[in-house]
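Engineer: Provided below: start_10.cif, containing mmCIF, C-alpha atoms, pLDDT in the B column; chains and numbers go by the auth columns.
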```cif
data_structure
#
loop_
_atom_site.group_PDB
_atom_site.id
_atom_site.type_symbol
_atom_site.label_atom_id
_atom_site.label_comp_id
_atom_site.label_asym_id
_atom_site.label_seq_id
_atom_site.Cartn_x
_atom_site.Cartn_y
_atom_site.Cartn_z
_atom_site.B_iso_or_equiv
_atom_site.auth_seq_id
_atom_site.auth_asym_id
ATOM 1 C CA SER A 1 -33.752 148.044 -93.319 82.00 1393 A
ATOM 2 C CA LYS A 2 -36.695 146.021 -94.713 91.00 1394 A
ATOM 3 C CA HIS A 3 -35.962 147.346 -98.181 94.00 1395 A
ATOM 4 C CA ILE A 4 -32.297 146.477 -97.876 92.00 1396 A
ATOM 5 C CA ARG A 5 -33.194 142.949 -96.783 93.00 1397 A
ATOM 6 C CA MET A 6 -35.379 142.555 -99.861 94.00 1398 A
ATOM 7 C CA LEU A 7 -32.495 143.716 -102.056 94.00 1399 A
ATOM 8 C CA GLU A 8 -30.228 141.218 -100.309 94.00 1400 A
ATOM 9 C CA ARG A 9 -32.725 138.394 -100.906 94.00 1401 A
ATOM 10 C CA ALA A 10 -32.812 139.328 -104.582 92.00 1402 A
ATOM 11 C CA ASN A 11 -28.997 139.218 -104.555 93.00 1403 A
ATOM 12 C CA LEU A 12 -28.865 142.821 -105.772 95.00 1404 A
ATOM 13 C CA VAL A 13 -26.942 144.058 -102.742 96.00 1405 A
ATOM 14 C CA ARG A 14 -24.148 142.517 -100.707 94.00 1406 A
ATOM 15 C CA ARG A 15 -23.672 143.473 -97.081 93.00 1407 A
ATOM 16 C CA ARG A 16 -20.380 143.475 -95.240 94.00 1408 A
ATOM 17 C CA ARG A 17 -20.192 144.274 -91.559 92.00 1409 A
ATOM 18 C CA SER A 18 -17.277 146.120 -90.099 93.00 1410 A
ATOM 19 C CA GLY A 19 -17.950 146.546 -86.391 94.00 1411 A
ATOM 20 C CA ARG A 20 -21.181 148.482 -86.119 94.00 1412 A
ATOM 21 C CA GLU A 21 -21.081 149.660 -89.719 94.00 1413 A
ATOM 22 C CA HIS A 22 -22.886 147.864 -92.513 92.00 1414 A
ATOM 23 C CA LEU A 23 -21.252 148.406 -95.887 95.00 1415 A
ATOM 24 C CA LEU A 24 -23.411 147.693 -98.923 95.00 1416 A
ATOM 25 C CA THR A 25 -22.217 146.901 -102.423 96.00 1417 A
ATOM 26 C CA LEU A 26 -24.345 146.746 -105.554 95.00 1418 A
ATOM 27 C CA ASN A 27 -24.367 143.433 -107.435 95.00 1419 A
ATOM 28 C CA PRO A 28 -25.549 144.255 -110.991 93.00 1420 A
ATOM 29 C CA ALA A 29 -25.460 140.655 -112.300 94.00 1421 A
ATOM 30 C CA PRO A 30 -29.141 139.877 -111.518 93.00 1422 A
ATOM 31 C CA LEU A 31 -30.155 143.071 -113.328 93.00 1423 A
ATOM 32 C CA ASP A 32 -28.188 141.943 -116.382 93.00 1424 A
ATOM 33 C CA GLN A 33 -29.980 138.584 -116.286 93.00 1425 A
ATOM 34 C CA ALA A 34 -33.367 140.314 -115.999 94.00 1426 A
ATOM 35 C CA GLY A 35 -32.475 142.635 -118.876 95.00 1427 A
ATOM 36 C CA ALA A 36 -31.543 139.698 -121.100 95.00 1428 A
ATOM 37 C CA TRP A 37 -34.839 137.951 -120.299 96.00 1429 A
ATOM 38 C CA ILE A 38 -36.807 141.139 -121.013 97.00 1430 A
ATOM 39 C CA GLU A 39 -35.063 141.556 -124.381 96.00 1431 A
ATOM 40 C CA ALA A 40 -35.852 137.941 -125.326 96.00 1432 A
ATOM 41 C CA GLN A 41 -39.513 138.464 -124.404 97.00 1433 A
ATOM 42 C CA ARG A 42 -39.600 141.742 -126.326 97.00 1434 A
ATOM 43 C CA GLY A 43 -38.367 139.939 -129.443 95.00 1435 A
ATOM 44 C CA LEU A 44 -40.991 137.212 -129.143 95.00 1436 A
ATOM 45 C CA TRP A 45 -43.830 139.668 -128.567 97.00 1437 A
ATOM 46 C CA THR A 46 -42.685 142.017 -131.333 97.00 1438 A
ATOM 47 C CA HIS A 47 -42.631 139.145 -133.804 96.00 1439 A
ATOM 48 C CA SER A 48 -46.080 137.884 -132.706 97.00 1440 A
ATOM 49 C CA LEU A 49 -47.618 141.349 -132.832 97.00 1441 A
ATOM 50 C CA ASP A 50 -46.112 142.009 -136.270 97.00 1442 A
ATOM 51 C CA LEU A 51 -47.729 138.807 -137.530 97.00 1443 A
ATOM 52 C CA LEU A 52 -51.058 139.859 -136.019 97.00 1444 A
ATOM 53 C CA ASP A 53 -50.761 143.285 -137.645 97.00 1445 A
ATOM 54 C CA GLN A 54 -50.114 141.686 -141.037 96.00 1446 A
ATOM 55 C CA ALA A 55 -53.082 139.341 -140.618 96.00 1447 A
ATOM 56 C CA LEU A 56 -55.411 142.198 -139.653 96.00 1448 A
ATOM 57 C CA LYS A 57 -54.254 144.333 -142.587 95.00 1449 A
ATOM 58 C CA ALA A 58 -54.796 141.406 -144.967 95.00 1450 A
ATOM 59 C CA ASP A 59 -58.273 140.884 -143.518 94.00 1451 A
ATOM 60 C CA ASP A 60 -59.076 144.584 -143.941 92.00 1452 A
ATOM 61 C CA ALA A 61 -57.837 144.473 -147.548 91.00 1453 A
ATOM 62 C CA LYS A 62 -60.144 141.511 -148.283 90.00 1454 A
ATOM 63 C CA GLU A 63 -63.131 143.315 -146.785 88.00 1455 A
ATOM 64 C CA THR A 64 -62.550 146.545 -148.707 86.00 1456 A
ATOM 65 C CA GLY A 65 -61.814 144.668 -151.909 77.00 1457 A
ATOM 66 C CA ARG A 66 -65.242 143.006 -152.050 62.00 1458 A
#
```
Just give me the structure as structure tokens.

Structural biologist:
Amino acid sequence: SKHIRMLERANLVRRRRSGREHLLTLNPAPLDQAGAWIEAQRGLWTHSLDLLDQALKADDAKETGR
């Protein structure tokens, strides 16, 4: 039940009580939001690391060209 409460706090699960039964429903919207943020971060990091790779290759070319 602790795990379910954590999922409820994260708004990933909705609970509905029917008498003694607790019915849970998945709410995928927060996962979609997290996925969009991850993709945006991936794009930023990919671009930055590509620039670093180019700079390091240019530096290596200068060193070997001497």

Engineer: Taking all atoms of segment 1434-1447 of chain A that the file lists, what box with edges along x, y and z, padded by 4 Å per side, do you get, with centre and edge lengths in Å to one decimal, as AutoDock Vina command-line options?

Structural biologist:
```
--center_x -45.7 --center_y 140.2 --center_z -133.7 --size_x 22.7 --size_y 14.1 --size_z 22.7
```

Engineer: When distances are computed from only C-alpha atoms, which of A:Asn1403, A:Ser1440, A:Gln1446, A:Ser1410 shows the smallest separation from Leu1423 of chain A?

Structural biologist: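 That would be A:Asn1403, the residue with the smallest distance to Leu1423 of chain A.
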
Engineer: I'd like the interatomic distance between atom CA of Pro1420 of chain A and atom CA of His1395 of chain A, to a tenth of an Å.

Structural biologist: 16.8 Å

Engineer: Quick one: distance from atom CA of Ala1428 of chain A to atom CA of Arg1408 of chain A in Å, one decimal?

Structural biologist: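 Computing the Euclidean distance for atom CA of Ala1428 of chain A and atom CA of Arg1408 of chain A yields 28.4 Å.
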
Engineer: For atom CA of Leu1404 of chain A and atom CA of Leu1416 of chain A, quote the distance in Å rounded to one decimal.

Structural biologist: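 Straight-line distance from atom CA of Leu1404 of chain A to atom CA of Leu1416 of chain A works out to 10.0 Å.
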
Engineer: Just checking: using all atoms listed in the file, which residue out of A:Arg1407, A:Leu1444, A:Arg1412, A:Ala1402 ends up closest to Ala1426 of chain A?

Structural biologist: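 That would be A:Ala1402, the residue with the smallest distance to Ala1426 of chain A.
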
Engineer: Mind filling out segment 1420-1440 of chain A with N, CA, C and O atoms and sending it as a compact mmCIF listing (two decimals), in the coordinates of the input?

Structural biologist:
```txt
# COMPACT_ATOMS: atom_id res chain seq x y z
N PRO A 1420 -24.72 144.03 -109.81
CA PRO A 1420 -25.55 144.26 -110.99
C PRO A 1420 -25.87 142.99 -111.81
O PRO A 1420 -26.69 143.04 -112.71
N ALA A 1421 -25.26 141.87 -111.49
CA ALA A 1421 -25.46 140.66 -112.30
C ALA A 1421 -26.93 140.26 -112.43
O ALA A 1421 -27.39 139.95 -113.54
N PRO A 1422 -27.72 140.24 -111.35
CA PRO A 1422 -29.14 139.88 -111.52
C PRO A 1422 -29.90 140.84 -112.43
O PRO A 1422 -30.81 140.43 -113.15
N LEU A 1423 -29.50 142.11 -112.43
CA LEU A 1423 -30.16 143.07 -113.33
C LEU A 1423 -29.81 142.76 -114.78
O LEU A 1423 -30.66 142.90 -115.67
N ASP A 1424 -28.58 142.33 -115.03
CA ASP A 1424 -28.19 141.94 -116.38
C ASP A 1424 -28.99 140.74 -116.85
O ASP A 1424 -29.43 140.68 -118.00
N GLN A 1425 -29.19 139.77 -115.95
CA GLN A 1425 -29.98 138.58 -116.29
C GLN A 1425 -31.43 138.97 -116.59
O GLN A 1425 -32.03 138.49 -117.55
N ALA A 1426 -31.99 139.86 -115.78
CA ALA A 1426 -33.37 140.31 -116.00
C ALA A 1426 -33.47 141.06 -117.33
O ALA A 1426 -34.43 140.88 -118.08
N GLY A 1427 -32.48 141.89 -117.61
CA GLY A 1427 -32.48 142.64 -118.88
C GLY A 1427 -32.42 141.72 -120.08
O GLY A 1427 -33.11 141.94 -121.08
N ALA A 1428 -31.63 140.66 -119.99
CA ALA A 1428 -31.54 139.70 -121.10
C ALA A 1428 -32.88 138.99 -121.30
O ALA A 1428 -33.32 138.79 -122.44
N TRP A 1429 -33.54 138.62 -120.20
CA TRP A 1429 -34.84 137.95 -120.30
C TRP A 1429 -35.87 138.90 -120.91
O TRP A 1429 -36.65 138.50 -121.78
N ILE A 1430 -35.86 140.15 -120.48
CA ILE A 1430 -36.81 141.14 -121.01
C ILE A 1430 -36.59 141.32 -122.51
O ILE A 1430 -37.56 141.39 -123.28
N GLU A 1431 -35.35 141.40 -122.95
CA GLU A 1431 -35.06 141.56 -124.38
C GLU A 1431 -35.54 140.35 -125.19
O GLU A 1431 -36.08 140.51 -126.29
N ALA A 1432 -35.37 139.15 -124.64
CA ALA A 1432 -35.85 137.94 -125.33
C ALA A 1432 -37.37 137.98 -125.45
O ALA A 1432 -37.93 137.67 -126.51
N GLN A 1433 -38.05 138.37 -124.38
CA GLN A 1433 -39.51 138.46 -124.40
C GLN A 1433 -39.97 139.54 -125.38
O GLN A 1433 -40.95 139.36 -126.10
N ARG A 1434 -39.25 140.66 -125.40
CA ARG A 1434 -39.60 141.74 -126.33
C ARG A 1434 -39.53 141.25 -127.77
O ARG A 1434 -40.40 141.54 -128.58
N GLY A 1435 -38.50 140.48 -128.09
CA GLY A 1435 -38.37 139.94 -129.44
C GLY A 1435 -39.51 139.01 -129.81
O GLY A 1435 -40.06 139.09 -130.91
N LEU A 1436 -39.88 138.14 -128.88
CA LEU A 1436 -40.99 137.21 -129.14
C LEU A 1436 -42.30 137.97 -129.35
O LEU A 1436 -43.05 137.68 -130.28
N TRP A 1437 -42.58 138.92 -128.46
CA TRP A 1437 -43.83 139.67 -128.57
C TRP A 1437 -43.85 140.56 -129.80
O TRP A 1437 -44.89 140.69 -130.46
N THR A 1438 -42.74 141.17 -130.14
CA THR A 1438 -42.68 142.02 -131.33
C THR A 1438 -42.99 141.19 -132.58
O THR A 1438 -43.78 141.60 -133.43
N HIS A 1439 -42.39 140.02 -132.67
CA HIS A 1439 -42.63 139.15 -133.80
C HIS A 1439 -44.11 138.74 -133.86
O HIS A 1439 -44.75 138.81 -134.92
N SER A 1440 -44.67 138.32 -132.74
CA SER A 1440 -46.08 137.88 -132.71
C SER A 1440 -47.02 139.03 -133.07
O SER A 1440 -47.98 138.84 -133.81
```
